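Undergrad: I'd like to ask some things about the structure below.
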Amino acid sequence: RILNNENLYEAQHLERSTRITDMHSPLVEEVRTTLARGAEQGVFRRGVDPVQLYITIAGLSYFYMSNAATLGAIFDRNLRTREALASRLEHVLEVVLGYLRP
């Protein structure tokens with residue numbers, strides 16, 4: 001909800017933060033390192049933008065979680081059960097790893 005509100009306000013508060021970039025830089029660097037290591041080992045393709053990958057993973061996860069109630073009503077499923085969450089995780093992993101394959 002905080003993220004949604006910040007987006008409604010066009011990131012006004014985040015843009016004033018002096019720490020937000022420093023907080024996310026280590027995460028992006030970790031993704032970059034993991035991608036490089038995977039490419040060197042031949043398990044990931046080369047040329048993947050770590051920021052784009054991070055946004056993709058966040059989007060695949062965030063949309064599901066933030067809309068589980070309405071999506072559950074639309075599709076007549078409880079998307080918050082352990083089984084549903086495990087199934088979602090498996091799906092996200094398949095999608096992301098499929099993208100990363102060389």
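Naming scheme: A, B, ... for chains in displayed order of the structure tokens; residues 1 onward per chain; ligands 1 onward as shown.
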Can you tell me which residues surround Ala36 in chain A at a distance of at most 12 Å, considering only C-alpha atoms, apart from same-chain residues fewer than 5 positions away, and format the answer as a list of chain:residue names?
TA: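 Final neighbour list, sorted by chain and number: A:Glu29, A:Glu30, A:Val31, A:Gln41, A:Gly42, A:Val43, A:Phe44, A:Arg45, A:Arg46, A:Gly47, A:Val48, A:Asp49, A:Pro50, A:Leu100.
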Undergrad: Name the residues of chain A that come out as alpha helix (DSSP H) in a backbone DSSP run; write them as a VMD selection string.
TA: chain A and resid 2 to 8 12 to 16 20 to 40 50 to 66 68 to 75 82 to 100
Undergrad: One number please: CA of Ser66 in chain A to CA of Arg80 in chain A, in Å, one decimal.
TA: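 Separating CA of Ser66 in chain A from CA of Arg80 in chain A is a distance of 10.9 Å.
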Undergrad: Restricting the calculation to only C-alpha atoms: of A:Ile74, A:Leu53, A:Ala39, A:Leu3, which residue gets closest to Val95 in chain A?
TA: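 Using only C-alpha atoms, Val95 in chain A sits closest to A:Leu53.
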Undergrad: Could you work out how far CA of Arg88 in chain A lies from CA of Gly38 in chain A, giving the answer in Å with one decimal?
TA: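 Between CA of Gly38 in chain A and CA of Arg88 in chain A the gap works out to 23.7 Å.
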